[in-house]
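K.L.:
Right, I'll just put the structure down here and ask away after.
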Amino acid sequence: MSVKHPIISVTGSSGAGTSTIKHTFEQIFRRENIRSVMIEGDAFHRYDRQAMKEVMKKAEEEGNPHFSHFGPEANLLKELENTFKLYGETGRLRTRHYVHDEEEAAKYGVEPGKFTDWEEYGPEASEVLLYEGLHGAVVTDEANVAQYADLKVGVVPVINLEWIQKIHRDRSARGYTTEAVTDTILRRMHDYVHYICPQFSETDINFQRVPTVDTSNPFIARWIPTAGESMVVIRFKDPHGIDFSYLLSMIHDSFMTRANTIVVPGDMMDLAMQLILTPMIHRLIEMKNRAA
């Protein structure tokens with residue numbers, strides 16, 4: 001962890017909704033006039049799109065049908081750990097972008113499925129680092145990313161909802177069939193259990209969206225449950241210092257289920273995140289300023 005150069009990591013599976021949390025952080029940074037720099041977890045994939053297909057095919061031929069982006073072999077986790085460590089110590093950063101689609105290709109001048117060149121940022125570029133991706137709180141035998149993040153946020157919808165969101169996103173935004181997305185889900189399940197789920201025991205806060213409509217068969221669901229058709233379970237690893245009375249008074253229809261857990265209506269999730277995360281960010285910045 002770092003005082004002078006704080007790091008916030010937002011962690012969740014593919015289709016979990018980490019981009020929503022990232023957007024909330026960006027809103028807070030703009031409103032509070034905090035200079036931030038962001039890194040995407042996809043930037044630390046080991047292979048580009050074509051190379052990943054070839055490696056997965058080879059792994060399957062050798063008897064491993066579970067090789068996926070969720071596991072350590074497909075990612076540069078030690079490099080990600082070193083990136084967090086370097087930023088925490090110096091404020092310097094080295095990262096790149098993975099280009100997903102034609103829109104990003106036009107922005108970065110690199111064809112979809114490829115990486116941009118590595119870029120370096122000096123300590124003057126930012127006051128805080130925001131990570132969004134699959135492995136922001138991962139701990140393996142070779143890498144411990146979690147130890148360097150000052151605030152770790154998990155995004156964990158219940159599994160059927162997560163699958164519905166992934167299927168709809170990959171079909172609409174990436175042109176995949178439901179069958180192709182289902183194959184991806186099945187291939188990733190081993191690594192999901194061993195490398196994604198354990199991170200949510202490392203996180204400081206988890207936001208878990210729970211639908212209040214039937215999602216029994218996510219593979220035939222025609223619509224993603226709306227925010228109004230959901231509740232959000234918010235769990236704090238350490239509830240000390242959290243003003244639950246204030247949150248309950250500010251968030252209509254919220255209630256507590258455990259000493260470290262508050263539940264809010266789904267359409268109040270953004271307000272809840274603003275109320276919870278803003279003072280946490282201020283504390284990180286105040287600690288940074290005192291240490292300067």
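Identifiers in this document derive from the order of the structure tokens: chains are assigned A, B, ..., residues are numbered from 1 separately in each chain, and ligands are numbered from 1 in order of occurrence.
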Identify, with DSSP run on backbone atoms, the residues in segment 15-57 of chain A assigned to strand (DSSP E or B), and express the list as a PyMOL selection string.
P.N.:
chain A and resi 36-40+45
K.L.:
Which residues are near Thr24 of chain A? Cut-off 8 Å, only C-alpha atoms, ignore same chain within fewer than 2 positions. Put them as number ranges by chain.
P.N.:
A: 20-22, 26-28, 270, 273-274
K.L.:
Got time to write the residues from that selection, C-alpha atoms, as a compact mmCIF listing (two decimals), in the first residue's frame?
P.N.:
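Below is the file result_39.txt, written as the result:
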# COMPACT_ATOMS: atom_id res chain seq x y z
CA THR A 20 -20.24 1.21 -14.11
CA ILE A 21 -18.09 1.53 -10.99
CA LYS A 22 -15.25 2.98 -13.08
CA GLU A 26 -14.41 9.17 -12.94
CA GLN A 27 -17.40 11.34 -12.00
CA ILE A 28 -16.05 11.78 -8.48
CA ASP A 270 -24.98 5.27 -8.10
CA MET A 273 -21.46 4.64 -4.47
CA GLN A 274 -21.12 8.43 -4.47
K.L.:
Please identify which residues in segment 75-216 of chain A DSSP calls alpha helix (DSSP H) from the backbone, and express them as an MDAnalysis selection string.
P.N.:
chainID A and resid 77:90 102:108 159:174 178:191
K.L.:
Choose the residue, out of A:Leu161, A:Leu277, A:Ile167, A:Ile34, that has the smallest atom-to-atom separation from Val213 of chain A; count only C-alpha atoms.
P.N.:
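Using only C-alpha atoms, Val213 of chain A sits closest to A:Leu161.
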K.L.:
Work out how far atom CA of Thr140 of chain A is from atom CA of Tyr98 of chain A, in Å to one decimal.
P.N.:
23.4 Å
K.L.:
Find the residues near Pro211 of chain A: any atom within 10 Å, counting only C-alpha atoms, skip ones fewer than 3 places away on the same chain, and give them as a PDB file with N, CA and C atoms, in the first residue's frame.
P.N.:
ATOM      1  N   PRO A 157     -22.157  -9.290  -9.343  1.00  0.00           N
ATOM      2  CA  PRO A 157     -23.568  -9.648  -9.444  1.00  0.00           C
ATOM      3  C   PRO A 157     -23.743 -11.145  -9.223  1.00  0.00           C
ATOM      4  N   VAL A 158     -24.924 -11.561  -8.793  1.00  0.00           N
ATOM      5  CA  VAL A 158     -25.165 -12.993  -8.669  1.00  0.00           C
ATOM      6  C   VAL A 158     -24.897 -13.643 -10.024  1.00  0.00           C
ATOM      7  N   ASN A 160     -26.088 -15.812 -12.229  1.00  0.00           N
ATOM      8  CA  ASN A 160     -26.983 -15.833 -13.388  1.00  0.00           C
ATOM      9  C   ASN A 160     -27.109 -14.456 -14.023  1.00  0.00           C
ATOM     10  N   LEU A 161     -27.151 -13.408 -13.193  1.00  0.00           N
ATOM     11  CA  LEU A 161     -27.214 -12.043 -13.716  1.00  0.00           C
ATOM     12  C   LEU A 161     -25.924 -11.691 -14.437  1.00  0.00           C
ATOM     13  N   GLN A 208     -22.809  -6.142  -4.860  1.00  0.00           N
ATOM     14  CA  GLN A 208     -23.400  -7.320  -5.502  1.00  0.00           C
ATOM     15  C   GLN A 208     -24.847  -7.030  -5.875  1.00  0.00           C
ATOM     16  N   ASP A 214     -37.147 -13.211 -12.254  1.00  0.00           N
ATOM     17  CA  ASP A 214     -36.652 -14.562 -12.513  1.00  0.00           C
ATOM     18  C   ASP A 214     -35.494 -14.553 -13.510  1.00  0.00           C
ATOM     19  N   THR A 215     -34.358 -15.062 -13.094  1.00  0.00           N
ATOM     20  CA  THR A 215     -33.197 -15.218 -13.985  1.00  0.00           C
ATOM     21  C   THR A 215     -32.741 -16.677 -13.997  1.00  0.00           C
ATOM     22  N   ILE A 224     -31.887  -7.849 -19.919  1.00  0.00           N
ATOM     23  CA  ILE A 224     -31.138  -7.734 -18.672  1.00  0.00           C
ATOM     24  C   ILE A 224     -32.055  -7.081 -17.644  1.00  0.00           C
ATOM     25  N   PRO A 225     -32.185  -7.648 -16.439  1.00  0.00           N
ATOM     26  CA  PRO A 225     -32.987  -6.985 -15.411  1.00  0.00           C
ATOM     27  C   PRO A 225     -32.537  -5.541 -15.199  1.00  0.00           C
ATOM     28  N   THR A 226     -33.480  -4.649 -15.103  1.00  0.00           N
ATOM     29  CA  THR A 226     -33.164  -3.232 -14.944  1.00  0.00           C
ATOM     30  C   THR A 226     -32.717  -2.951 -13.512  1.00  0.00           C
ATOM     31  N   ALA A 227     -32.188  -1.741 -13.312  1.00  0.00           N
ATOM     32  CA  ALA A 227     -31.799  -1.336 -11.962  1.00  0.00           C
ATOM     33  C   ALA A 227     -32.997  -1.375 -11.018  1.00  0.00           C
ATOM     34  N   GLY A 228     -34.167  -0.965 -11.532  1.00  0.00           N
ATOM     35  CA  GLY A 228     -35.368  -0.968 -10.713  1.00  0.00           C
ATOM     36  C   GLY A 228     -35.866  -2.355 -10.371  1.00  0.00           C
ATOM     37  N   GLU A 229     -35.371  -3.353 -11.083  1.00  0.00           N
ATOM     38  CA  GLU A 229     -35.732  -4.751 -10.824  1.00  0.00           C
ATOM     39  C   GLU A 229     -34.626  -5.465 -10.049  1.00  0.00           C
ATOM     40  N   SER A 230     -33.837  -4.708  -9.308  1.00  0.00           N
ATOM     41  CA  SER A 230     -32.694  -5.270  -8.590  1.00  0.00           C
ATOM     42  C   SER A 230     -32.528  -4.619  -7.228  1.00  0.00           C
ATOM     43  N   MET A 231     -31.821  -5.320  -6.364  1.00  0.00           N
ATOM     44  CA  MET A 231     -31.296  -4.759  -5.123  1.00  0.00           C
ATOM     45  C   MET A 231     -29.781  -4.892  -5.179  1.00  0.00           C
ATOM     46  N   VAL A 232     -29.093  -4.050  -4.420  1.00  0.00           N
ATOM     47  CA  VAL A 232     -27.629  -4.117  -4.379  1.00  0.00           C
ATOM     48  C   VAL A 232     -27.196  -4.359  -2.940  1.00  0.00           C
ATOM     49  N   GLY A 266     -31.743  -1.067  -6.450  1.00  0.00           N
ATOM     50  CA  GLY A 266     -30.818  -1.037  -7.578  1.00  0.00           C
ATOM     51  C   GLY A 266     -30.690   0.324  -8.222  1.00  0.00           C
TER      52      GLY A 266
END
K.L.:
List the spatial neighbours of Val110 of chain A as a compact mmCIF listing (two decimals) with C-alpha atoms, in the first residue's frame - criterion: any atom at most 12 Å away, only C-alpha atoms, same-chain residues fewer than 2 positions off excluded.
P.N.:
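Generated output (selection.txt):
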# COMPACT_ATOMS: atom_id res chain seq x y z
CA ASP A 48 -3.48 -10.49 -28.46
CA ARG A 96 -0.96 0.21 -22.77
CA HIS A 97 -4.42 -0.43 -24.23
CA TYR A 98 -6.07 -3.54 -25.62
CA VAL A 99 -8.21 -2.49 -28.58
CA HIS A 100 -11.58 -4.25 -28.46
CA ASP A 101 -13.53 -2.93 -31.45
CA GLU A 102 -13.62 -0.59 -34.44
CA GLU A 103 -14.50 2.42 -32.32
CA GLU A 104 -11.38 1.94 -30.19
CA ALA A 105 -9.37 1.16 -33.32
CA ALA A 106 -10.26 4.58 -34.71
CA LYS A 107 -9.24 6.19 -31.42
CA TYR A 108 -5.87 4.43 -31.03
CA PRO A 112 -9.12 -4.60 -33.05
CA GLY A 113 -7.64 -7.43 -31.05
CA LYS A 114 -4.18 -5.82 -30.85
CA PHE A 115 -2.34 -3.83 -28.19
CA THR A 116 -1.14 -0.27 -28.43
CA ASP A 117 2.48 0.48 -27.62
K.L.:
Measuring between only C-alpha atoms, which one of A:Ile242, A:Val263, A:Ala173, A:Ile164 shows the shortest distance to Pro218 of chain A?
P.N.:
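Going through A:Ile242, A:Val263, A:Ala173, A:Ile164 one by one, the smallest distance to Pro218 of chain A is for A:Ile164.
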K.L.:
As an exercise, work out the distance from atom CA of Ile196 of chain A to atom CA of Thr11 of chain A in Å and give it to one decimal place.
P.N.:
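Atom CA of Ile196 of chain A sits 8.7 Å away from atom CA of Thr11 of chain A.
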K.L.:
Using only C-alpha atoms, find the one residue out of A:Ile205, A:Val210, A:Met269, A:Val128 that sits nearest to Val153 of chain A.
P.N.:
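That would be A:Ile205, the residue with the smallest distance to Val153 of chain A.
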K.L.:
Do you know which residues are at most 9 Å from Gly88 of chain A counting only C-alpha atoms, after dropping those on the same chain fewer than 6 positions away, and could you put them as a list in words?
P.N.:
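That gives Met1, Ser2, Val3, Lys4, His5, Pro6, Ile7, Leu129, Tyr148 and Ala149 of chain A.
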K.L.:
I need the residues from that last selection saved to file as a compact mmCIF listing (two decimals), in the first residue's frame (with N, CA and C atoms), if you can.
P.N.:
# COMPACT_ATOMS: atom_id res chain seq x y z
N MET A 1 0.83 -1.19 0.00
CA MET A 1 0.00 0.00 0.00
C MET A 1 0.87 1.25 0.00
N SER A 2 0.28 2.36 -0.49
CA SER A 2 1.06 3.58 -0.62
C SER A 2 0.30 4.75 -0.01
N VAL A 3 1.03 5.67 0.60
CA VAL A 3 0.42 6.89 1.11
C VAL A 3 0.59 8.01 0.09
N LYS A 4 1.78 8.14 -0.48
CA LYS A 4 2.07 9.24 -1.39
C LYS A 4 1.38 9.09 -2.74
N HIS A 5 1.20 7.85 -3.20
CA HIS A 5 0.62 7.61 -4.52
C HIS A 5 -0.43 6.51 -4.41
N PRO A 6 -1.66 6.88 -3.99
CA PRO A 6 -2.70 5.87 -3.73
C PRO A 6 -3.19 5.16 -4.98
N ILE A 7 -3.59 3.91 -4.78
CA ILE A 7 -4.07 3.04 -5.85
C ILE A 7 -5.45 2.52 -5.49
N LEU A 129 -4.18 6.42 -8.89
CA LEU A 129 -4.27 5.44 -9.97
C LEU A 129 -5.55 4.64 -9.81
N TYR A 148 -0.73 -4.10 -2.91
CA TYR A 148 -0.35 -2.74 -3.27
C TYR A 148 -1.53 -1.80 -3.50
N ALA A 149 -2.75 -2.31 -3.44
CA ALA A 149 -3.92 -1.45 -3.66
C ALA A 149 -4.41 -0.89 -2.34
K.L.:
Find, counting only C-alpha atoms, the residue in A:Ser19, A:Ser36, A:Asn206, A:Thr178 that gets nearest to Ala125 of chain A.
P.N.:
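Among the listed residues, A:Ser36 lies closest to Ala125 of chain A.
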K.L.:
Using only C-alpha atoms, which of the listed residues (A:Val155, A:Ala74, A:Leu86, A:Asn64) sits closest to Ala51 of chain A?
P.N.:
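Among the listed residues, A:Ala74 lies closest to Ala51 of chain A.
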K.L.:
So, with only C-alpha atoms as the atoms that count, which of A:Lys288, A:Lys237, A:Lys78, A:His168 lies closest to Ser201 of chain A?
P.N.:
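Closest to Ser201 of chain A of all the choices is A:Lys237.
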K.L.:
Which residues are close to Glu124 of chain A, i.e. within 12 Å by only C-alpha atoms, leaving aside same-chain residues fewer than 2 positions away? Reply as a ChimeraX atom specification.
P.N.:
/A:5,35-37,87,90-93,120-122,126-128
K.L.:
Could you save the residues just selected, with N, CA and C atoms, as a short mmCIF file (atom, residue, chain, number, x, y, z; two decimals), in the first residue's frame?
P.N.:
data_model
loop_
_atom_site.label_atom_id
_atom_site.label_comp_id
_atom_site.auth_asym_id
_atom_site.auth_seq_id
_atom_site.Cartn_x
_atom_site.Cartn_y
_atom_site.Cartn_z
N HIS A 5 1.20 7.85 -3.20
CA HIS A 5 0.62 7.61 -4.52
C HIS A 5 -0.43 6.51 -4.41
N ARG A 35 -6.78 14.69 -10.10
CA ARG A 35 -6.12 14.17 -11.30
C ARG A 35 -5.89 12.67 -11.14
N SER A 36 -6.41 11.90 -12.10
CA SER A 36 -6.29 10.45 -12.02
C SER A 36 -5.73 9.90 -13.32
N VAL A 37 -5.15 8.72 -13.23
CA VAL A 37 -4.73 7.97 -14.40
C VAL A 37 -5.31 6.57 -14.26
N TYR A 87 4.08 2.44 -9.12
CA TYR A 87 3.26 3.63 -8.96
C TYR A 87 3.19 4.02 -7.48
N THR A 90 6.61 5.62 -6.57
CA THR A 90 7.15 6.77 -7.31
C THR A 90 6.10 7.63 -8.01
N GLY A 91 4.90 7.11 -8.21
CA GLY A 91 3.91 7.83 -9.00
C GLY A 91 4.09 7.65 -10.49
N ARG A 92 5.08 6.87 -10.89
CA ARG A 92 5.31 6.60 -12.31
C ARG A 92 4.51 5.39 -12.74
N LEU A 93 4.17 5.37 -14.04
CA LEU A 93 3.29 4.32 -14.56
C LEU A 93 3.66 3.97 -15.98
N GLU A 120 4.45 5.62 -20.98
CA GLU A 120 4.90 5.93 -19.62
C GLU A 120 4.35 7.28 -19.16
N TYR A 121 3.98 7.33 -17.89
CA TYR A 121 3.46 8.55 -17.29
C TYR A 121 4.31 8.88 -16.07
N GLY A 122 4.62 10.15 -15.89
CA GLY A 122 5.40 10.58 -14.74
C GLY A 122 4.51 10.89 -13.55
N SER A 126 -0.72 12.46 -12.31
CA SER A 126 -1.89 12.04 -11.55
C SER A 126 -1.66 12.12 -10.05
N GLU A 127 -2.78 12.14 -9.32
CA GLU A 127 -2.76 12.06 -7.86
C GLU A 127 -3.17 10.67 -7.38
N VAL A 128 -3.85 9.92 -8.23
CA VAL A 128 -4.35 8.60 -7.85
C VAL A 128 -4.41 7.72 -9.08
#
K.L.:
Excluding Glu142 of chain A and its own-chain neighbours fewer than 6 positions away, which residues fall within 12 Å of it when counting only C-alpha atoms? Please give them as a PyMOL selection string.
P.N.:
chain A and resi 72-73+75-82
K.L.:
Write out, as a PDB file, in the first residue's frame, the residues just selected, with C-alpha atoms.
P.N.:
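Everything below was put into result.pdb:
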ATOM      1  CA  PRO A  72      -2.570 -16.533 -14.553  1.00  0.00           C
ATOM      2  CA  GLU A  73      -1.001 -18.204 -17.594  1.00  0.00           C
ATOM      3  CA  ASN A  75      -1.894 -12.715 -18.134  1.00  0.00           C
ATOM      4  CA  LEU A  76       1.127 -10.691 -17.080  1.00  0.00           C
ATOM      5  CA  LEU A  77       0.259 -10.735 -13.389  1.00  0.00           C
ATOM      6  CA  LYS A  78       3.801 -10.207 -12.146  1.00  0.00           C
ATOM      7  CA  GLU A  79       4.087  -7.183 -14.443  1.00  0.00           C
ATOM      8  CA  LEU A  80       0.768  -5.893 -13.057  1.00  0.00           C
ATOM      9  CA  GLU A  81       2.063  -6.330  -9.505  1.00  0.00           C
ATOM     10  CA  ASN A  82       5.248  -4.455 -10.412  1.00  0.00           C
TER      11      ASN A  82
END
